[in-house]
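For reference, the structure discussed in these notes is given below.
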Amino acid sequence: MAAPNGRPPAVGRFLGWWTDRVARHPRRVVALAVLIAIAGGYYTATHLGVDTDTEDMLSGRLSWRVQYERYKAAFPQYTDEILVIIDGATAGLAAEAQLSIGERLRAAPPLFPPVYRPGGAPFFERHALLYLDEEELEELAIGLEEAGPWLRELEREPELPRFLSVVDSLMAEASDDPTAEASDDERVGGLIGAVGEAFGSSMMGRLRPLPWRDLLSGEVGGAEGLRRYVVIKPQLDFNSLFPGEPAIGRIRAVVDSLGLSAAVGVSVRLTGSVPMADEELRSAIQGLGIAVGLALFMVGGILYAGLRSVRLIGASLFTLLVGLVITSTFAALAVRHLNLISIAFAVLYIGLGIDYAIHYSLRYRELRVEGARQREALRLTAEDVGASLFLSAVTTAACFYAFIPTAFKGVSELGMIGGTGMLISFLVTITLLPALLCLAPFRPKPDERPLVGGVMPHGLARWIAGHRRTVLIGASIVALASAALLPQARFARNPLDLRDPEAKATATFRELLADTTTSPMTIAVLAPDSAAAERLADRLTRLERVEEAITIGVFVPDGQGPRLARIDRIGRVIDSSLEPPRADAADLEAGAADLTARLASVETFRRRLSRYEPADEETRDRARFASFQIRGWQRWMEDRPASVQREALDRVESSLLGGLRRSLHDLRASLDAGFVTAADLPADLVERWVSPDGTHRVEVIPRDNLADEAALRAFVADVLSAAPDATGEPVISVSAGEAVVSAFRQALAYAAIATLLLLLLALRSFWDTMRVIVPLLLAGALAGAATVLFGLAFNYANVIALPLLLGVGVDNGIHMVHRSRAGLTGEADLLGTSTARAVLFASLTTIFSFGTLAFSRHPGAASMGQMLTIGMLSVLLCTLVVLPALPSPRRS
């Protein structure tokens with residue numbers, strides 16, 4: 001650094017000599033830099049990949065990673081899944097859609113090796129009734145006995161006039177029988193409501209299928225029967241930015257080709273780790289694009305306000321771009337890929353690299369305005385600012401390199417790229433920038449004055465210089481208050497909080513989490529055999545935070561004897577009440593009533609419905625509303641062509657009778673149920689619970705909604721207390737969070753030690769070193785306290801800001817201390833230098849470059865922008881207010 005006698009240090013003298021050599025051959029230097037950038041850009045574009053596998057971002061040596069890898073080896077089908085959720089207006093529609101989607105996807109084995117349909121195998125169609133409890137079976141038998149006569153009529157003649165006639169007869173029976181049970185009124189009311197909804201949906205071109213199974217059995221199956229799943233483990237290309245894009249696109253194309261939509265009573269949604277990761281990255285990139293556009297506009301304005309020269313701005317930005325390309329080339333050579341953390345190196349490089357160019361350009365401009373010749377101004381700038389830039393680059397690189405030894409591989413790779421990038425930034429700033437300024441020099445106007453000061457009113461600067469003790473006492477109070485708040489700072493370990501809540505896959509995932517019966521976030525524990533698995537499941541089920549722990553044994557029903565007896569009774573009811581289905585489906589459609597007769601049957605039913613007065617008030621209200629819906633449909637049909645009227649009637653008929661034949665077919669198929677043992681279970685089910693080597697999987701289902709981080713941590717702690725080798729997404733989320741926190745603590749400790757030693761070695765003054773370190777520590781405490789006050793948690797996204805804040809804080813301190821050692825008469829003079837101005841505008845460019853991310857819809861990107869803004873404001877405040885108030889060492 002600058003010596004007291006004004007002679008530049010050895011580093012400064014060397015940089016001055018280097019700049020002289022550059023100034024002699026500026027065209028060669030620029031041409032060489034352009035060639036290196038072009039070659040490097042080509043190499044980067046062809047060799048630098050993107051590894052989007054989040055599992056690779058943490059060391060495989062961590063104990064929980066080892067356990068997870070063991071689990072993946074035993075059950076690979078549970079990783080990188082796509083979950084297709086099918087909601088049908090009826091259980092039949094959901095089952096048909098599940099079957100169709102599964103068969104279509106199985107036809108593309110390279111993209112979809114395993115396609116699993118839970119509950120959709122022929123085994124479950126045959127034994128479906130065996131999985132109902134005895135009460136449900138009894139309700140089904142009673143319902144079939146009561147509905148047998150009219151079901152026989154509808155199966156023989158499945159047409160709208162016949163259906164309306166059956167409903168009319170049921171209405172009449174309910175009205176004539178004062179002893180009718182409430183369940184009879186409910187069944188009639190359900191039929192009437194379905195009729196009204198079918199007519200109402202027909203006007204909108206949609207189907208409203210009648211849930212025949214629920215109608216027959218009194219809500220047997222309920223909402224669970226209306227939802228089916230297809231579980232897919234697609235082939236992923238982790239060298240692509242969107243590894244799951246081909247698979248997701250193919251699934252959506254299959255759904256479209258099958259015509260599955262709300263119009264036919266079926267909705268299909270995608271969720272799971274693959275679609276959520278795809279949506280998250282797209283959301284982040286979309287928000288980043290908007291932020292970059294806004295940031296470039298604002299940074300351009302700030303650079304112009306700071307440099308007031310188009311030539312200086314152009315040279316600075318070109319130097320920044322070349323350095324970024326060379327750093328990318330280094331990443332391609334040394335690491336060969338970017339991960340979802342290290343991909344942010346460009347953001348960090350821009351934030352720090354532009355600072356070097358600003359400091360160099362402002363000092364050069366200041367010297368030119370003061371009368372220095374072109375070559376002299378460049379040499380003096382290199383001797384003066386170049387030395388502080390060198391120290392800043394080395395200390396910032398050390399801060400980045402401190403992340404290399406940590407277990408957080410994502411940040412470790414970022415540390416290697418970022419640290420080297422800082423050294424590259426220094427080299428291009430001290431080499432390319434002076435060459436560009438030789439070719440396009442800044443020429444001050446005759447009456448132009450140096451751009452110094454402006455960081456704060458001159459009176460305030462004088463006040464700080466004259467009231468150092470007051471400033472330091474105030475800073476001490478702020479430090480103590482901030483320290484008291486720091487223990488309340490928290491790290492958000494639930495990755496779900498970083499995803500866009502409005503994204504379809506994430507919203508669907510949260511919906512599943514809210515219901516413990518469908519929660520996709522479960523914990524898995526491995527057991528050596530069936531007996532051990534059952535004992536483990538029994539022990540885990542007793543835990544406070546566990547709803548249930550299940551094994552493959554849950555698929556072997558208990559009490560099969562009584563259930564099989566009731567199924568036999570149901571078979572006898574069907575044999576006595578219903579006719580066998582006709583072999584020729586065309587016979588069922590023969591003799592369909594003509595259009596006039598069908599419309600007449602609708603009008604007849606509407607009139608009888610309007611006069612229907614059941615005892616049950618709810619049924620009466622349904623009848624009135626259904627009559628209103630039918631009348632509205634009739635008015636909508638007026639003056640429409642016969643073809644449109646026929647299509648509308650067909651939609652009503654499909655809604656009311658389309659599922660009857662499938663329901664009766666499934667019911668007859670399920671009468672063939674027999675005694676089930678573990679050996680009878682289908683292979684695709686068994687392989688999801690028992691590995692080829694006989695290892696059994698125990699699935700632990702949470703009692704609470706794991707979207708809440710406190711519930712997530714409590715659930716994981718509860719399970720790990722009983723099964724330390726448990727794994728799964730909840731365990732990974734919590735354990736990864738702890739690993740990240742530990743990695744950053746380790747890295748920050750290394751960075752602090754390295755920075756302290758380098759500053760002591762370079763500045764050769766304990767007090768000057770403290771003048772750099774103390775404001776940085778205060779800024780860190782202030783930023784941490786601000787996150788508590790604003791309710792902002794640290795997370796996997798915004799922790800990337802810490803190396804940037806550390807680097808900027810050290811750089812600012814070095815520049816200010818270096819300038820204060822240049823023989824200034826007072827600290828107020830320090831705030832009036834081009835160095836203070838450079839600190840201000842460099843910080844503002846960083847704030848406006850990345851602070852715009854705070855307005856992103858993506859929670860992770862928004863938290864990063866908020867953290868950077870808070871941190872940069874804290875660093876800037878402490879650099880411009882606290883550092884000048886600190887006492888300077890006396891120099892002889």
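Labeling convention for the structure tokens: chains A, B, ... as they appear, residues from 1 per chain, ligands from 1 in order of appearance.
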Checklist entry - If you count only C-alpha atoms, which residues fall within 8 Å of segment 481-494 of chain A, apart from same-chain ones fewer than 4 positions away, as a VMD selection string? => result chain A and resid 477 498 707 709 712 733 to 734 736 to 738 741 781 to 782 784 to 785 787 to 788 793 to 796
Can I get the selected residues back with C-alpha atoms, as a JSON list (two decimals), in the first residue's frame?
[["chain", "number", "residue", "atom", "x", "y", "z"],
["A", 477, "ILE", "CA", -25.26, 0.68, 20.56],
["A", 498, "LEU", "CA", -38.64, -21.40, -2.24],
["A", 707, "ALA", "CA", -45.69, -27.53, 4.32],
["A", 709, "GLU", "CA", -41.46, -26.09, 8.64],
["A", 712, "LEU", "CA", -41.56, -30.94, 9.15],
["A", 733, "SER", "CA", -34.77, -31.42, 3.51],
["A", 734, "VAL", "CA", -33.90, -31.04, 7.18],
["A", 736, "ALA", "CA", -29.50, -30.71, 3.86],
["A", 737, "GLY", "CA", -30.43, -27.49, 5.63],
["A", 738, "GLU", "CA", -28.20, -28.39, 8.55],
["A", 741, "VAL", "CA", -25.67, -23.99, 7.59],
["A", 781, "ALA", "CA", -24.58, -7.83, 12.43],
["A", 782, "LEU", "CA", -26.82, -5.04, 11.14],
["A", 784, "GLY", "CA", -28.57, -10.15, 10.25],
["A", 785, "ALA", "CA", -30.70, -8.10, 12.66],
["A", 787, "THR", "CA", -33.55, -10.05, 8.49],
["A", 788, "VAL", "CA", -35.08, -10.73, 11.91],
["A", 793, "ALA", "CA", -35.08, -16.11, 6.70],
["A", 794, "PHE", "CA", -31.84, -17.38, 5.24],
["A", 795, "ASN", "CA", -32.42, -20.15, 2.70],
["A", 796, "TYR", "CA", -30.74, -22.15, -0.04]]
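If you look at atom CA of Val30 of chain A and atom CA of Glu366 of chain A, they are 23.9 Å away from each other.
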Can you pull out the residues contacting Ala315 of chain A? Cut-off 12 Å, using only C-alpha atoms, and skip same-chain residues under 6 positions away; I want them as a tab-separated table (two decimals) with all heavy atoms, in the first residue's frame.
chain	number	residue	atom	x	y	z
A	30	VAL	N	-5.88	-5.23	-27.10
A	30	VAL	CA	-7.32	-5.35	-27.32
A	30	VAL	C	-7.60	-6.51	-28.28
A	30	VAL	O	-8.53	-7.30	-28.07
A	30	VAL	CB	-7.90	-4.03	-27.86
A	30	VAL	CG1	-9.36	-4.22	-28.27
A	30	VAL	CG2	-7.78	-2.93	-26.83
A	303	LEU	N	-24.22	4.31	-13.78
A	303	LEU	CA	-22.86	4.44	-14.32
A	303	LEU	C	-22.66	5.80	-14.98
A	303	LEU	O	-21.59	6.42	-14.83
A	303	LEU	CB	-22.59	3.32	-15.32
A	303	LEU	CG	-22.30	1.93	-14.75
A	303	LEU	CD1	-22.14	0.92	-15.87
A	303	LEU	CD2	-21.06	1.96	-13.87
A	307	LEU	N	-19.80	8.19	-13.77
A	307	LEU	CA	-18.63	8.39	-14.62
A	307	LEU	C	-18.76	9.59	-15.55
A	307	LEU	O	-17.75	10.18	-15.95
A	307	LEU	CB	-18.37	7.13	-15.45
A	307	LEU	CG	-18.08	5.84	-14.66
A	307	LEU	CD1	-17.91	4.65	-15.60
A	307	LEU	CD2	-16.85	6.01	-13.78
A	309	SER	N	-19.27	9.83	-18.63
A	309	SER	CA	-18.52	9.70	-19.87
A	309	SER	C	-18.94	8.41	-20.56
A	309	SER	O	-18.82	7.32	-19.99
A	309	SER	CB	-17.01	9.66	-19.60
A	309	SER	OG	-16.30	9.27	-20.77
A	321	LEU	N	-17.42	-7.61	-19.68
A	321	LEU	CA	-17.90	-8.70	-20.53
A	321	LEU	C	-16.78	-9.67	-20.87
A	321	LEU	O	-16.96	-10.90	-20.79
A	321	LEU	CB	-18.51	-8.13	-21.81
A	321	LEU	CG	-19.04	-9.16	-22.83
A	321	LEU	CD1	-20.15	-9.99	-22.21
A	321	LEU	CD2	-19.52	-8.47	-24.09
A	322	VAL	N	-15.61	-9.17	-21.23
A	322	VAL	CA	-14.48	-10.03	-21.56
A	322	VAL	C	-14.08	-10.86	-20.33
A	322	VAL	O	-13.82	-12.07	-20.43
A	322	VAL	CB	-13.29	-9.20	-22.07
A	322	VAL	CG1	-12.03	-10.06	-22.19
A	322	VAL	CG2	-13.63	-8.57	-23.42
A	354	ILE	N	-17.69	-5.08	-11.87
A	354	ILE	CA	-17.94	-3.69	-12.28
A	354	ILE	C	-17.38	-2.72	-11.25
A	354	ILE	O	-17.02	-1.59	-11.59
A	354	ILE	CB	-19.46	-3.46	-12.49
A	354	ILE	CG1	-19.72	-2.16	-13.25
A	354	ILE	CG2	-20.19	-3.45	-11.16
A	354	ILE	CD1	-19.17	-2.16	-14.63
A	357	ALA	N	-13.82	-1.81	-12.27
A	357	ALA	CA	-13.79	-0.87	-13.39
A	357	ALA	C	-14.20	0.53	-12.95
A	357	ALA	O	-13.64	1.53	-13.42
A	357	ALA	CB	-14.71	-1.37	-14.50
A	358	ILE	N	-15.15	0.63	-12.04
A	358	ILE	CA	-15.59	1.95	-11.58
A	358	ILE	C	-14.48	2.64	-10.80
A	358	ILE	O	-14.19	3.83	-11.02
A	358	ILE	CB	-16.86	1.81	-10.71
A	358	ILE	CG1	-18.05	1.42	-11.59
A	358	ILE	CG2	-17.15	3.11	-9.97
A	358	ILE	CD1	-19.31	1.13	-10.80
A	360	TYR	N	-11.24	2.14	-10.99
A	360	TYR	CA	-10.16	2.49	-11.92
A	360	TYR	C	-10.56	3.71	-12.76
A	360	TYR	O	-9.78	4.66	-12.90
A	360	TYR	CB	-9.86	1.29	-12.82
A	360	TYR	CG	-8.59	1.43	-13.61
A	360	TYR	CD1	-7.41	0.82	-13.21
A	360	TYR	CD2	-8.55	2.20	-14.78
A	360	TYR	CE1	-6.24	0.94	-13.94
A	360	TYR	CE2	-7.39	2.34	-15.52
A	360	TYR	CZ	-6.23	1.71	-15.10
A	360	TYR	OH	-5.08	1.86	-15.82
A	361	SER	N	-11.77	3.69	-13.31
A	361	SER	CA	-12.18	4.76	-14.22
A	361	SER	C	-12.32	6.10	-13.51
A	361	SER	O	-11.95	7.15	-14.05
A	361	SER	CB	-13.51	4.37	-14.88
A	361	SER	OG	-13.36	3.21	-15.66
A	428	VAL	N	-7.98	-8.33	-16.15
A	428	VAL	CA	-8.54	-7.64	-17.33
A	428	VAL	C	-8.72	-6.15	-17.04
A	428	VAL	O	-8.58	-5.31	-17.94
A	428	VAL	CB	-9.87	-8.27	-17.77
A	428	VAL	CG1	-9.67	-9.69	-18.26
A	428	VAL	CG2	-10.91	-8.23	-16.68
A	429	THR	N	-9.02	-5.80	-15.77
A	429	THR	CA	-9.16	-4.38	-15.43
A	429	THR	C	-7.83	-3.65	-15.55
A	429	THR	O	-7.77	-2.52	-16.04
A	429	THR	CB	-9.71	-4.23	-14.00
A	429	THR	OG1	-10.98	-4.87	-13.91
A	429	THR	CG2	-9.87	-2.76	-13.63
A	431	THR	N	-5.32	-4.57	-17.38
A	431	THR	CA	-4.68	-4.77	-18.69
A	431	THR	C	-5.56	-4.26	-19.83
A	431	THR	O	-5.15	-3.40	-20.62
A	431	THR	CB	-4.36	-6.26	-18.91
A	431	THR	OG1	-3.54	-6.73	-17.84
A	431	THR	CG2	-3.65	-6.48	-20.23
A	432	LEU	N	-6.76	-4.79	-19.94
A	432	LEU	CA	-7.62	-4.43	-21.07
A	432	LEU	C	-8.18	-3.02	-20.93
A	432	LEU	O	-8.25	-2.27	-21.93
A	432	LEU	CB	-8.76	-5.45	-21.18
A	432	LEU	CG	-9.78	-5.18	-22.29
A	432	LEU	CD1	-9.11	-5.14	-23.66
A	432	LEU	CD2	-10.88	-6.24	-22.26
A	433	LEU	N	-8.58	-2.63	-19.73
A	433	LEU	CA	-9.19	-1.31	-19.55
A	433	LEU	C	-8.24	-0.18	-19.93
A	433	LEU	O	-8.63	0.73	-20.68
A	433	LEU	CB	-9.70	-1.16	-18.11
A	433	LEU	CG	-10.49	0.11	-17.80
A	433	LEU	CD1	-11.65	0.30	-18.76
A	433	LEU	CD2	-11.00	0.10	-16.35
A	434	PRO	N	-6.97	-0.17	-19.47
A	434	PRO	CA	-6.08	0.91	-19.92
A	434	PRO	C	-5.82	0.87	-21.43
A	434	PRO	O	-5.64	1.93	-22.05
A	434	PRO	CB	-4.79	0.66	-19.12
A	434	PRO	CG	-4.88	-0.70	-18.59
A	434	PRO	CD	-6.33	-1.00	-18.43
A	435	ALA	N	-5.80	-0.33	-22.04
A	435	ALA	CA	-5.63	-0.40	-23.48
A	435	ALA	C	-6.80	0.24	-24.20
A	435	ALA	O	-6.62	0.99	-25.19
A	435	ALA	CB	-5.47	-1.87	-23.91
A	436	LEU	N	-8.01	-0.01	-23.73
A	436	LEU	CA	-9.21	0.61	-24.33
A	436	LEU	C	-9.18	2.12	-24.15
A	436	LEU	O	-9.57	2.88	-25.05
A	436	LEU	CB	-10.46	0.00	-23.69
A	436	LEU	CG	-10.76	-1.46	-24.02
A	436	LEU	CD1	-11.89	-1.98	-23.15
A	436	LEU	CD2	-11.13	-1.62	-25.49
A	437	LEU	N	-8.72	2.58	-22.97
A	437	LEU	CA	-8.67	4.02	-22.71
A	437	LEU	C	-7.58	4.70	-23.53
A	437	LEU	O	-7.64	5.91	-23.77
A	437	LEU	CB	-8.46	4.27	-21.22
A	437	LEU	CG	-9.62	3.82	-20.32
A	437	LEU	CD1	-9.29	4.07	-18.85
A	437	LEU	CD2	-10.90	4.57	-20.70
A	438	CYS	N	-6.57	3.95	-23.95
A	438	CYS	CA	-5.58	4.51	-24.87
A	438	CYS	C	-6.18	4.72	-26.25
A	438	CYS	O	-5.87	5.72	-26.93
A	438	CYS	CB	-4.37	3.58	-24.97
A	438	CYS	SG	-3.26	3.64	-23.55
A	439	LEU	N	-7.03	3.79	-26.68
A	439	LEU	CA	-7.65	3.90	-28.00
A	439	LEU	C	-8.81	4.90	-28.00
A	439	LEU	O	-9.09	5.53	-29.03
A	439	LEU	CB	-8.15	2.53	-28.45
A	439	LEU	CG	-7.08	1.45	-28.62
A	439	LEU	CD1	-7.71	0.11	-29.00
A	439	LEU	CD2	-6.06	1.87	-29.66
A	440	ALA	N	-9.49	5.03	-26.88
A	440	ALA	CA	-10.61	5.98	-26.76
A	440	ALA	C	-10.45	6.73	-25.45
A	440	ALA	O	-11.19	6.52	-24.50
A	440	ALA	CB	-11.94	5.24	-26.81
A	441	PRO	N	-9.47	7.65	-25.39
A	441	PRO	CA	-9.18	8.32	-24.12
A	441	PRO	C	-10.27	9.30	-23.71
A	441	PRO	O	-11.01	9.83	-24.54
A	441	PRO	CB	-7.86	9.05	-24.42
A	441	PRO	CG	-7.88	9.27	-25.89
A	441	PRO	CD	-8.58	8.09	-26.48
A	442	PHE	N	-10.34	9.50	-22.40
A	442	PHE	CA	-11.24	10.52	-21.86
A	442	PHE	C	-10.57	11.89	-22.00
A	442	PHE	O	-9.43	12.07	-21.56
A	442	PHE	CB	-11.56	10.23	-20.40
A	442	PHE	CG	-12.27	11.35	-19.70
A	442	PHE	CD1	-13.61	11.61	-19.96
A	442	PHE	CD2	-11.60	12.15	-18.79
A	442	PHE	CE1	-14.27	12.65	-19.32
A	442	PHE	CE2	-12.25	13.18	-18.14
A	442	PHE	CZ	-13.58	13.44	-18.41
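Counting only C-alpha atoms and comparing A:Pro114, A:Thr541, A:Asp672, A:Asp355, the residue that lies closest to Asp568 of chain A is A:Asp672.
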Next on the checklist: Under the rule that only C-alpha atoms are counted, which of A:Leu526, A:Leu62, A:Ala262, A:Val573 is the nearest residue to Asp693 of chain A?
Outcome noted: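 Among the listed residues, A:Leu526 lies closest to Asp693 of chain A.
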Next on the checklist: Which residue is closest to Ala779 of chain A? Choose from A:Gln746, A:Thr518, A:Ser342, A:Thr879 and count only C-alpha atoms.
Outcome noted: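 Looking at the shortest contact to Ala779 of chain A, the residue is A:Thr879.
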Next on the checklist: Report as a list in words all protein, DNA and RNA residues lying within 10 Å of Arg622 of chain A, evaluated on only C-alpha atoms, omitting residues in the same chain fewer than 2 positions from it.
Outcome noted: Val188, Gly189, Gly190, Leu191, Ile192, Gly193, Ala194, Gly196, Leu609, Glu617, Glu618, Thr619, Arg620, Arg624, Phe625, Ala626, Ser627 and Phe628 of chain A
Checklist entry - Hey, what does DSSP flag as alpha helix (DSSP H) within segment 602-846 of chain A? Can you give it to me as a PyMOL selection string? => result chain A and resi 602-610+617-637+642-657+660-670+683-686+709-722+729-763+766-789+801-820+827-830+834-846
